[in-house]
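Engineer: Structure file coords.pdb (PDB, C-alpha atoms) right here:
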```pdb
MODEL        1
ATOM      1  CA  MET A 104      24.918  -6.333   2.524  1.00  0.00           C
ATOM      2  CA  ASN A 105      22.892  -3.407   1.397  1.00  0.00           C
ATOM      3  CA  GLN A 106      22.965  -0.079   3.096  1.00  0.00           C
ATOM      4  CA  PHE A 107      20.487   2.643   2.541  1.00  0.00           C
ATOM      5  CA  LEU A 108      20.776   6.070   4.028  1.00  0.00           C
ATOM      6  CA  LEU A 109      17.351   7.527   4.505  1.00  0.00           C
ATOM      7  CA  GLN A 110      17.335  11.191   3.678  1.00  0.00           C
ATOM      8  CA  PRO A 111      14.303  13.462   4.020  1.00  0.00           C
ATOM      9  CA  GLU A 112      14.104  13.928   0.262  1.00  0.00           C
ATOM     10  CA  ARG A 113      14.154  10.165  -0.170  1.00  0.00           C
ATOM     11  CA  THR A 114      11.383   9.431   2.307  1.00  0.00           C
ATOM     12  CA  PRO A 115       9.362   6.629   0.711  1.00  0.00           C
ATOM     13  CA  ARG A 116       6.024   7.844  -0.445  1.00  0.00           C
ATOM     14  CA  LEU A 117       2.692   6.156  -0.504  1.00  0.00           C
ATOM     15  CA  LEU A 118       1.168   6.785  -3.875  1.00  0.00           C
ATOM     16  CA  CYS A 119      -2.423   5.879  -4.490  1.00  0.00           C
ATOM     17  CA  ASN A 120      -4.425   6.217  -7.623  1.00  0.00           C
ATOM     18  CA  ALA A 121      -7.556   7.094  -5.718  1.00  0.00           C
ATOM     19  CA  ARG A 122     -10.741   8.073  -7.431  1.00  0.00           C
ATOM     20  CA  PHE A 123      -8.700   9.017 -10.454  1.00  0.00           C
ATOM     21  CA  GLU A 124      -6.486  11.397  -8.588  1.00  0.00           C
ATOM     22  CA  ARG A 125      -2.896  10.684  -7.828  1.00  0.00           C
ATOM     23  CA  LEU A 126      -2.737  10.981  -4.103  1.00  0.00           C
ATOM     24  CA  ASP A 127       0.730  11.919  -3.002  1.00  0.00           C
ATOM     25  CA  LEU A 128       1.287  11.351   0.685  1.00  0.00           C
ATOM     26  CA  ARG A 129       4.458  12.634   2.158  1.00  0.00           C
ATOM     27  CA  ILE A 130       5.142  13.258   5.778  1.00  0.00           C
ATOM     28  CA  ASP A 131       7.477  16.109   5.130  1.00  0.00           C
ATOM     29  CA  CYS A 132       8.333  16.666   8.761  1.00  0.00           C
ATOM     30  CA  VAL A 133       9.538  13.138   9.314  1.00  0.00           C
ATOM     31  CA  SER A 134      13.232  12.783   8.720  1.00  0.00           C
ATOM     32  CA  PHE A 135      15.317   9.711   9.323  1.00  0.00           C
ATOM     33  CA  PRO A 136      18.978  10.462   9.834  1.00  0.00           C
ATOM     34  CA  GLU A 137      19.631   6.951  11.084  1.00  0.00           C
ATOM     35  CA  ARG A 138      21.442   4.555   8.863  1.00  0.00           C
ATOM     36  CA  VAL A 139      19.304   1.543   8.109  1.00  0.00           C
ATOM     37  CA  THR A 140      21.015  -1.668   7.162  1.00  0.00           C
ATOM     38  CA  LEU A 141      19.051  -4.190   5.163  1.00  0.00           C
ATOM     39  CA  HIS A 142      20.314  -7.739   5.197  1.00  0.00           C
ATOM     40  CA  SER A 143      17.757  -9.301   2.907  1.00  0.00           C
ATOM     41  CA  GLY A 144      17.128  -8.539  -0.694  1.00  0.00           C
ATOM     42  CA  GLY A 145      13.402  -8.164  -0.157  1.00  0.00           C
ATOM     43  CA  THR A 146      10.594  -9.319  -2.361  1.00  0.00           C
ATOM     44  CA  THR A 147      10.465  -8.911  -6.110  1.00  0.00           C
ATOM     45  CA  VAL A 148       6.922  -7.560  -6.102  1.00  0.00           C
ATOM     46  CA  PRO A 149       4.804  -5.555  -3.648  1.00  0.00           C
ATOM     47  CA  GLU A 150       3.153  -7.680  -0.979  1.00  0.00           C
ATOM     48  CA  ALA A 151      -0.619  -8.102  -1.296  1.00  0.00           C
ATOM     49  CA  TYR A 152      -1.045  -6.311   2.011  1.00  0.00           C
ATOM     50  CA  VAL A 153       0.702  -3.249   0.597  1.00  0.00           C
ATOM     51  CA  HIS A 154      -2.021  -3.048  -2.039  1.00  0.00           C
ATOM     52  CA  ALA A 155      -4.588  -3.593   0.720  1.00  0.00           C
ATOM     53  CA  ILE A 156      -3.204  -0.719   2.792  1.00  0.00           C
ATOM     54  CA  GLU A 157      -3.356   1.571  -0.231  1.00  0.00           C
ATOM     55  CA  SER A 158      -6.940   0.517  -0.948  1.00  0.00           C
ATOM     56  CA  LEU A 159      -7.893   1.084   2.670  1.00  0.00           C
ATOM     57  CA  ALA A 160      -6.406   4.562   2.548  1.00  0.00           C
ATOM     58  CA  ALA A 161      -7.917   5.420  -0.823  1.00  0.00           C
ATOM     59  CA  PHE A 162     -11.319   3.751  -0.631  1.00  0.00           C
ATOM     60  CA  GLY A 163     -11.940   2.969   3.008  1.00  0.00           C
ATOM     61  CA  ARG A 164     -11.886  -0.753   2.207  1.00  0.00           C
ATOM     62  CA  SER A 165      -8.804  -2.916   1.920  1.00  0.00           C
ATOM     63  CA  TYR A 166     -10.191  -5.458  -0.576  1.00  0.00           C
ATOM     64  CA  PHE A 167      -7.396  -7.645   0.728  1.00  0.00           C
ATOM     65  CA  THR A 168      -8.972 -10.897  -0.409  1.00  0.00           C
ATOM     66  CA  GLU A 169      -9.380  -9.515  -3.918  1.00  0.00           C
ATOM     67  CA  HIS A 170      -5.763  -8.327  -4.016  1.00  0.00           C
ATOM     68  CA  GLN A 171      -4.581 -11.748  -2.795  1.00  0.00           C
ATOM     69  CA  ASP A 172      -6.694 -13.516  -5.396  1.00  0.00           C
ATOM     70  CA  LYS A 173      -5.303 -11.323  -8.143  1.00  0.00           C
ATOM     71  CA  ASP A 174      -1.712 -12.113  -7.147  1.00  0.00           C
ATOM     72  CA  ALA A 175      -2.341 -15.766  -6.297  1.00  0.00           C
ATOM     73  CA  PRO A 176      -0.513 -16.985  -9.449  1.00  0.00           C
ATOM     74  CA  HIS A 177       2.644 -15.486  -7.929  1.00  0.00           C
ATOM     75  CA  ARG A 178       3.057 -18.641  -5.864  1.00  0.00           C
ATOM     76  CA  LEU A 179       3.509 -20.634  -9.047  1.00  0.00           C
ATOM     77  CA  LEU A 180       4.829 -18.108 -11.530  1.00  0.00           C
ATOM     78  CA  GLY A 181       6.890 -15.701  -9.435  1.00  0.00           C
ATOM     79  CA  ARG A 182       7.344 -12.326 -11.079  1.00  0.00           C
ATOM     80  CA  GLU A 183       5.801 -13.764 -14.231  1.00  0.00           C
ATOM     81  CA  HIS A 184       2.473 -13.956 -12.398  1.00  0.00           C
ATOM     82  CA  ARG A 185       1.598 -10.666 -14.063  1.00  0.00           C
ATOM     83  CA  SER A 186       1.072 -12.558 -17.286  1.00  0.00           C
ATOM     84  CA  VAL A 187      -2.414 -13.172 -15.883  1.00  0.00           C
ATOM     85  CA  ASN A 188      -4.879 -10.869 -14.111  1.00  0.00           C
ATOM     86  CA  HIS A 189      -2.833  -7.748 -14.861  1.00  0.00           C
ATOM     87  CA  GLU A 190      -4.261  -6.337 -18.075  1.00  0.00           C
ATOM     88  CA  TRP A 191      -3.945  -2.725 -16.940  1.00  0.00           C
ATOM     89  CA  TYR A 192      -0.325  -3.300 -15.988  1.00  0.00           C
ATOM     90  CA  HIS A 193       0.434  -4.385 -19.537  1.00  0.00           C
ATOM     91  CA  ALA A 194      -1.478  -1.442 -20.981  1.00  0.00           C
ATOM     92  CA  PHE A 195       1.120   0.909 -19.496  1.00  0.00           C
ATOM     93  CA  GLY A 196       2.651   3.078 -22.172  1.00  0.00           C
ATOM     94  CA  THR A 197      -0.295   2.663 -24.509  1.00  0.00           C
ATOM     95  CA  ALA A 198      -3.543   3.239 -22.584  1.00  0.00           C
ATOM     96  CA  TRP A 199      -1.987   5.104 -19.673  1.00  0.00           C
ATOM     97  CA  SER A 200       1.161   6.560 -18.173  1.00  0.00           C
ATOM     98  CA  PHE A 201       2.200   8.088 -14.862  1.00  0.00           C
ATOM     99  CA  ASP A 202       1.462  11.516 -16.301  1.00  0.00           C
ATOM    100  CA  HIS A 203      -1.960  10.379 -17.491  1.00  0.00           C
ATOM    101  CA  PRO A 204      -2.896   7.431 -15.255  1.00  0.00           C
ATOM    102  CA  THR A 205      -6.601   7.400 -15.983  1.00  0.00           C
ATOM    103  CA  PRO A 206      -7.962   8.053 -19.479  1.00  0.00           C
ATOM    104  CA  GLU A 207     -11.329   9.780 -19.609  1.00  0.00           C
ATOM    105  CA  TRP A 208     -13.103   6.624 -20.725  1.00  0.00           C
ATOM    106  CA  ILE A 209     -12.281   5.032 -17.370  1.00  0.00           C
ATOM    107  CA  ALA A 210     -14.837   7.309 -15.726  1.00  0.00           C
ATOM    108  CA  GLU A 211     -17.498   6.066 -18.128  1.00  0.00           C
ATOM    109  CA  VAL A 212     -16.622   2.433 -17.416  1.00  0.00           C
ATOM    110  CA  THR A 213     -16.773   3.089 -13.685  1.00  0.00           C
ATOM    111  CA  GLU A 214     -20.155   4.787 -13.922  1.00  0.00           C
ATOM    112  CA  SER A 215     -21.473   1.966 -16.054  1.00  0.00           C
ATOM    113  CA  LEU A 216     -20.287  -0.616 -13.528  1.00  0.00           C
ATOM    114  CA  ALA A 217     -21.891   1.336 -10.704  1.00  0.00           C
ATOM    115  CA  ASN A 218     -25.176   1.547 -12.548  1.00  0.00           C
ATOM    116  CA  ASP A 219     -25.216  -2.117 -13.544  1.00  0.00           C
ATOM    117  CA  HIS A 220     -23.593  -3.797 -10.550  1.00  0.00           C
ATOM    118  CA  GLY A 221     -23.515  -1.280  -7.704  1.00  0.00           C
ATOM    119  CA  ASP A 222     -21.049   1.152  -6.198  1.00  0.00           C
ATOM    120  CA  GLU A 223     -18.906  -1.510  -4.556  1.00  0.00           C
ATOM    121  CA  ALA A 224     -18.319  -3.281  -7.861  1.00  0.00           C
ATOM    122  CA  ALA A 225     -17.179   0.000  -9.379  1.00  0.00           C
ATOM    123  CA  GLU A 226     -14.874   0.623  -6.442  1.00  0.00           C
ATOM    124  CA  ILE A 227     -13.391  -2.864  -6.678  1.00  0.00           C
ATOM    125  CA  TYR A 228     -12.747  -2.203 -10.348  1.00  0.00           C
ATOM    126  CA  GLN A 229     -10.749   0.879  -9.417  1.00  0.00           C
ATOM    127  CA  ALA A 230      -8.918  -0.775  -6.534  1.00  0.00           C
ATOM    128  CA  ILE A 231      -8.111  -4.113  -8.122  1.00  0.00           C
ATOM    129  CA  TYR A 232      -8.009  -3.450 -11.837  1.00  0.00           C
ATOM    130  CA  LEU A 233      -6.474   0.028 -11.866  1.00  0.00           C
ATOM    131  CA  SER A 234      -4.757   1.010  -8.621  1.00  0.00           C
ATOM    132  CA  HIS A 235      -3.176  -2.397  -8.007  1.00  0.00           C
ATOM    133  CA  ASP A 236      -1.496  -2.325 -11.402  1.00  0.00           C
ATOM    134  CA  PHE A 237      -0.552   1.330 -10.986  1.00  0.00           C
ATOM    135  CA  THR A 238       1.296   0.423  -7.793  1.00  0.00           C
ATOM    136  CA  ASP A 239       2.983  -2.542  -9.445  1.00  0.00           C
ATOM    137  CA  ARG A 240       4.278  -0.287 -12.220  1.00  0.00           C
ATOM    138  CA  LEU A 241       5.342   2.331  -9.716  1.00  0.00           C
ATOM    139  CA  HIS A 242       7.471  -0.158  -7.799  1.00  0.00           C
ATOM    140  CA  ASP A 243       9.003  -1.751 -10.878  1.00  0.00           C
ATOM    141  CA  SER A 244      11.779   0.792 -10.942  1.00  0.00           C
ATOM    142  CA  GLU A 245      12.651   0.372  -7.282  1.00  0.00           C
ATOM    143  CA  PRO A 246      15.491  -1.842  -6.146  1.00  0.00           C
ATOM    144  CA  PRO A 247      14.390  -4.507  -3.629  1.00  0.00           C
ATOM    145  CA  THR A 248      15.911  -2.623  -0.713  1.00  0.00           C
ATOM    146  CA  GLU A 249      13.904   0.490  -1.486  1.00  0.00           C
ATOM    147  CA  ARG A 250      10.787  -1.636  -1.864  1.00  0.00           C
ATOM    148  CA  ARG A 251      11.370  -2.988   1.633  1.00  0.00           C
ATOM    149  CA  LEU A 252      11.486   0.573   2.917  1.00  0.00           C
ATOM    150  CA  SER A 253       8.304   1.397   1.049  1.00  0.00           C
ATOM    151  CA  THR A 254       6.596  -1.658   2.535  1.00  0.00           C
ATOM    152  CA  ALA A 255       7.708  -0.630   6.012  1.00  0.00           C
ATOM    153  CA  PHE A 256       6.380   2.862   5.419  1.00  0.00           C
ATOM    154  CA  HIS A 257       2.987   1.450   4.427  1.00  0.00           C
ATOM    155  CA  ILE A 258       2.933  -0.583   7.654  1.00  0.00           C
ATOM    156  CA  PHE A 259       3.952   2.476   9.635  1.00  0.00           C
ATOM    157  CA  ILE A 260       1.041   4.396   8.118  1.00  0.00           C
ATOM    158  CA  LEU A 261      -1.363   1.573   8.992  1.00  0.00           C
ATOM    159  CA  TRP A 262      -0.104   1.637  12.557  1.00  0.00           C
ATOM    160  CA  HIS A 263      -1.253   5.252  12.861  1.00  0.00           C
ATOM    161  CA  PRO A 264      -4.979   5.831  12.451  1.00  0.00           C
ATOM    162  CA  GLU A 265      -4.418   9.507  13.173  1.00  0.00           C
ATOM    163  CA  ILE A 266      -2.383   9.761   9.968  1.00  0.00           C
ATOM    164  CA  LEU A 267      -4.994   7.833   8.015  1.00  0.00           C
ATOM    165  CA  GLU A 268      -7.568  10.265   9.318  1.00  0.00           C
ATOM    166  CA  ALA A 269      -5.502  13.369   8.655  1.00  0.00           C
ATOM    167  CA  LYS A 270      -4.434  12.334   5.173  1.00  0.00           C
ATOM    168  CA  PHE A 271      -7.356  10.251   3.962  1.00  0.00           C
ATOM    169  CA  GLY A 272     -10.302  11.102   6.191  1.00  0.00           C
ATOM    170  CA  LEU A 273     -10.498   7.580   7.525  1.00  0.00           C
ATOM    171  CA  MET A 274     -11.038   6.190  10.969  1.00  0.00           C
ATOM    172  CA  SER A 275     -12.677   9.293  12.370  1.00  0.00           C
ATOM    173  CA  SER A 276     -14.523   7.044  14.823  1.00  0.00           C
ATOM    174  CA  MET A 277     -11.436   5.105  15.760  1.00  0.00           C
ATOM    175  CA  ASP A 278      -9.496   5.834  18.901  1.00  0.00           C
ATOM    176  CA  ALA A 279      -5.907   6.621  17.969  1.00  0.00           C
ATOM    177  CA  SER A 280      -4.838   4.563  20.952  1.00  0.00           C
ATOM    178  CA  THR A 281      -5.453   1.538  18.737  1.00  0.00           C
ATOM    179  CA  ALA A 282      -2.028   2.230  17.292  1.00  0.00           C
TER     180      ALA A 282
ATOM    181  CA  MET B 118      -2.502 -20.823   2.149  1.00  0.00           C
ATOM    182  CA  ILE B 119      -0.931 -17.453   2.868  1.00  0.00           C
ATOM    183  CA  GLU B 120       0.086 -17.138   6.476  1.00  0.00           C
ATOM    184  CA  GLY B 121      -2.550 -15.418   8.522  1.00  0.00           C
ATOM    185  CA  GLN B 122      -5.198 -15.792   5.866  1.00  0.00           C
ATOM    186  CA  ASP B 123      -7.274 -17.845   8.287  1.00  0.00           C
ATOM    187  CA  ILE B 124      -7.930 -14.789  10.413  1.00  0.00           C
ATOM    188  CA  TRP B 125      -8.981 -12.714   7.455  1.00  0.00           C
ATOM    189  CA  GLU B 126     -12.607 -12.321   6.528  1.00  0.00           C
ATOM    190  CA  SER B 127     -14.105  -9.829   4.145  1.00  0.00           C
ATOM    191  CA  SER B 128     -15.776  -6.990   5.954  1.00  0.00           C
ATOM    192  CA  SER B 129     -17.872  -4.100   4.828  1.00  0.00           C
ATOM    193  CA  ASP B 130     -16.900  -2.113   7.868  1.00  0.00           C
ATOM    194  CA  THR B 131     -13.828   0.103   7.575  1.00  0.00           C
ATOM    195  CA  VAL B 132     -12.762  -0.275  11.192  1.00  0.00           C
ATOM    196  CA  HIS B 133     -13.104  -4.046  11.170  1.00  0.00           C
ATOM    197  CA  ASP B 134     -11.302  -4.053   7.846  1.00  0.00           C
ATOM    198  CA  TYR B 135      -8.518  -2.057   9.408  1.00  0.00           C
ATOM    199  CA  GLU B 136      -8.247  -4.275  12.466  1.00  0.00           C
ATOM    200  CA  ARG B 137      -8.135  -7.493  10.497  1.00  0.00           C
ATOM    201  CA  LEU B 138      -5.528  -6.168   8.101  1.00  0.00           C
ATOM    202  CA  ARG B 139      -3.482  -5.023  11.064  1.00  0.00           C
ATOM    203  CA  ARG B 140      -3.722  -8.429  12.742  1.00  0.00           C
ATOM    204  CA  TYR B 141      -2.635 -10.105   9.523  1.00  0.00           C
ATOM    205  CA  ILE B 142       0.443  -7.893   9.160  1.00  0.00           C
ATOM    206  CA  GLU B 143       1.345  -8.266  12.826  1.00  0.00           C
ATOM    207  CA  LYS B 144       1.409 -11.998  12.268  1.00  0.00           C
ATOM    208  CA  VAL B 145       3.598 -11.612   9.172  1.00  0.00           C
ATOM    209  CA  LEU B 146       6.009  -9.341  11.051  1.00  0.00           C
ATOM    210  CA  GLN B 147       6.549 -11.974  13.725  1.00  0.00           C
ATOM    211  CA  ASN B 148       8.654 -13.803  11.145  1.00  0.00           C
ATOM    212  CA  ASP B 149      10.349 -10.704   9.766  1.00  0.00           C
ATOM    213  CA  PRO B 150      12.431  -9.005  12.483  1.00  0.00           C
ATOM    214  CA  GLU B 151      14.236  -6.897   9.895  1.00  0.00           C
ATOM    215  CA  MET B 152      10.961  -5.356   8.790  1.00  0.00           C
ATOM    216  CA  GLN B 153      10.087  -4.775  12.425  1.00  0.00           C
ATOM    217  CA  ASP B 154      13.319  -2.830  12.790  1.00  0.00           C
ATOM    218  CA  ILE B 155      12.637  -0.700   9.741  1.00  0.00           C
ATOM    219  CA  VAL B 156       9.122   0.128  10.942  1.00  0.00           C
ATOM    220  CA  ALA B 157      10.599   0.961  14.344  1.00  0.00           C
ATOM    221  CA  THR B 158      12.944   3.399  12.623  1.00  0.00           C
ATOM    222  CA  PHE B 159       9.981   5.171  11.070  1.00  0.00           C
ATOM    223  CA  GLU B 160       8.317   5.187  14.485  1.00  0.00           C
ATOM    224  CA  LYS B 161      11.397   6.740  16.025  1.00  0.00           C
ATOM    225  CA  GLY B 162      11.465   9.486  13.428  1.00  0.00           C
ATOM    226  CA  TYR B 163       7.747  10.092  13.819  1.00  0.00           C
ATOM    227  CA  ARG B 164       7.981  10.379  17.612  1.00  0.00           C
ATOM    228  CA  LYS B 165      10.892  12.745  17.219  1.00  0.00           C
ATOM    229  CA  MET B 166       8.877  14.846  14.828  1.00  0.00           C
ATOM    230  CA  LEU B 167       5.903  14.938  17.214  1.00  0.00           C
ATOM    231  CA  ARG B 168       8.122  15.981  20.105  1.00  0.00           C
ATOM    232  CA  SER B 169       9.470  18.829  18.022  1.00  0.00           C
ATOM    233  CA  GLY B 170       5.957  20.061  17.296  1.00  0.00           C
ATOM    234  CA  GLY B 171       5.738  18.858  13.716  1.00  0.00           C
ATOM    235  CA  GLU B 172       2.505  17.980  11.995  1.00  0.00           C
ATOM    236  CA  THR B 173       1.388  15.117   9.788  1.00  0.00           C
ATOM    237  CA  LYS B 174      -0.431  17.419   7.408  1.00  0.00           C
TER     238      LYS B 174
ENDMDL
END
```
Can you dump the structure from the file as structure tokens?
Structural biologist:
Amino acid sequence: MNQFLLQPERTPRLLCNARFERLDLRIDCVSFPERVTLHSGGTTVPEAYVHAIESLAAFGRSYFTEHQDKDAPHRLLGREHRSVNHEWYHAFGTAWSFDHPTPEWIAEVTESLANDHGDEAAEIYQAIYLSHDFTDRLHDSEPPTERRLSTAFHIFILWHPEILEAKFGLMSSMDASTA
Amino acid sequence: MIEGQDIWESSSDTVHDYERLRRYIEKVLQNDPEMQDIVATFEKGYRKMLRSGGETK
């Protein structure tokens, strides 16, 4: 049985590599003194919907189907699924790092994609090729229990359009009562 | 097929995108009571923060 005491300084954070800026969301005022007991070990990789929530927050589109397609080999390969479709993930430490997540040439590639294939194609490139792998790397160092908490925090954020609006400028036309 | 995938369709509209993603996760959570409890814990903390006059910004 795993036990995890949530402390304010350990509040899981939603980190998005959005438009080449590391977007650090932290609800500083939310503290959780309750002890949370996790009975399951959790998943070994972030769920596809976690990536979709981050894309929705960062880009205004979830690109859920694209995230699912990218991780589809997981059903056969498990954690080894990243041997395919995850080139940026494997470029960590050489082409990029957490301190420098987006080399300057990425902007040129994005602009080229936008010019040749449209803005949405460029956005999908950022969401699926870059941000997805950034998140995978970010969660690599987390134990499964902490990843479960992070997943729950993503869901919590999705449940609250008013937070999405305040933090990401989304859903301005959506009634917060949806939550 | 991933559970709930049948209700998912690509959408160019942010709100529809949001609603469909939400419906998908709600369906997933039906089989994950532990995750429901963890989310509820966040909800509890959030409500407590709102009652105390805190802000999300």
Engineer: Scan for residues within 12 Å of the point (-1.1, -3.0, -8.5) in the coordinates of the file, using only C-alpha atoms, and reply as JSON, numbers by chain.
Structural biologist: {"A": [118, 119, 120, 148, 149, 150, 151, 152, 153, 154, 155, 156, 157, 158, 169, 170, 171, 173, 174, 185, 188, 189, 190, 191, 192, 193, 195, 228, 229, 230, 231, 232, 233, 234, 235, 236, 237, 238, 239, 240, 241, 242, 243]}
Engineer: What does the distance between atom CA of Glu143 of chain B and atom CA of Ile258 of chain A come to in Å, to one decimal place?
Structural biologist: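 Atom CA of Ile258 of chain A lies 9.4 Å from atom CA of Glu143 of chain B.
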Engineer: What does the distance from atom CA of Glu265 of chain A to atom CA of Ala160 of chain A come to in Å, to one decimal?
Structural biologist: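 Distance reported for this atom pair: 11.9 Å.
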Engineer: For the structure provided, state which residues fall under the PyMOL selection byres ((chain A and resi 205) around 12), and present them as JSON, numbers by chain.
Structural biologist: {"A": [120, 121, 122, 123, 124, 125, 191, 194, 195, 196, 197, 198, 199, 200, 201, 202, 203, 204, 206, 207, 208, 209, 210, 211, 212, 213, 229, 232, 233, 234, 236, 237]}
Engineer: Determine the nearest neighbour of Asp134 of chain B from the options A:His263, A:Phe167, A:Ala161, A:Ala224, counting only C-alpha atoms.
Structural biologist: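 Using only C-alpha atoms, the shortest distance to Asp134 of chain B belongs to A:Phe167.
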Engineer: For a quick check of understanding, using all atoms listed in the file, which of A:Gly221, A:Glu226, A:Gly163, A:Glu245 has the smallest distance to chain B?
Structural biologist: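 Closest to chain B of all the choices is A:Gly163.
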Engineer: Please determine, counting only C-alpha atoms, which residue among A:Ile260, A:Leu267, A:Ala225, A:Ala255 has the shortest atom-to-atom distance to chain B.
Structural biologist: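 Using only C-alpha atoms, the shortest distance to chain B belongs to A:Ala255.
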Engineer: Find the smallest box with edges along x, y and z containing every listed atom of segment 142-158 of chain B, then add 5 Å on each side and report centre and edge lengths in Å to one decimal, as AutoDock Vina command-line options.
Structural biologist:
```
--center_x 7.3 --center_y -5.2 --center_z 11.6 --size_x 23.8 --size_y 27.2 --size_z 15.6
```
Engineer: Assuming the chain letters and numbering stay as they are in my file, what does the PyMOL selection byres ((chain B and resi 156) around 12) actually select? List them as an MDAnalysis selection string.
Structural biologist: (chainID A and resid 135 139 251:263) or (chainID B and resid 142:143 146 149:155 157:163)
Engineer: Interatomic distance between atom CA of Thr131 of chain B and atom CA of Arg164 of chain A?
Structural biologist: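 Distance reported for this atom pair: 5.8 Å.
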Engineer: Please determine, counting only C-alpha atoms, which residue among A:Phe271, A:Pro264, A:Leu216, A:Ser244 has the shortest atom-to-atom distance to Tyr135 of chain B.
Structural biologist: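 The shortest atom-to-atom distance to Tyr135 of chain B comes from A:Pro264.
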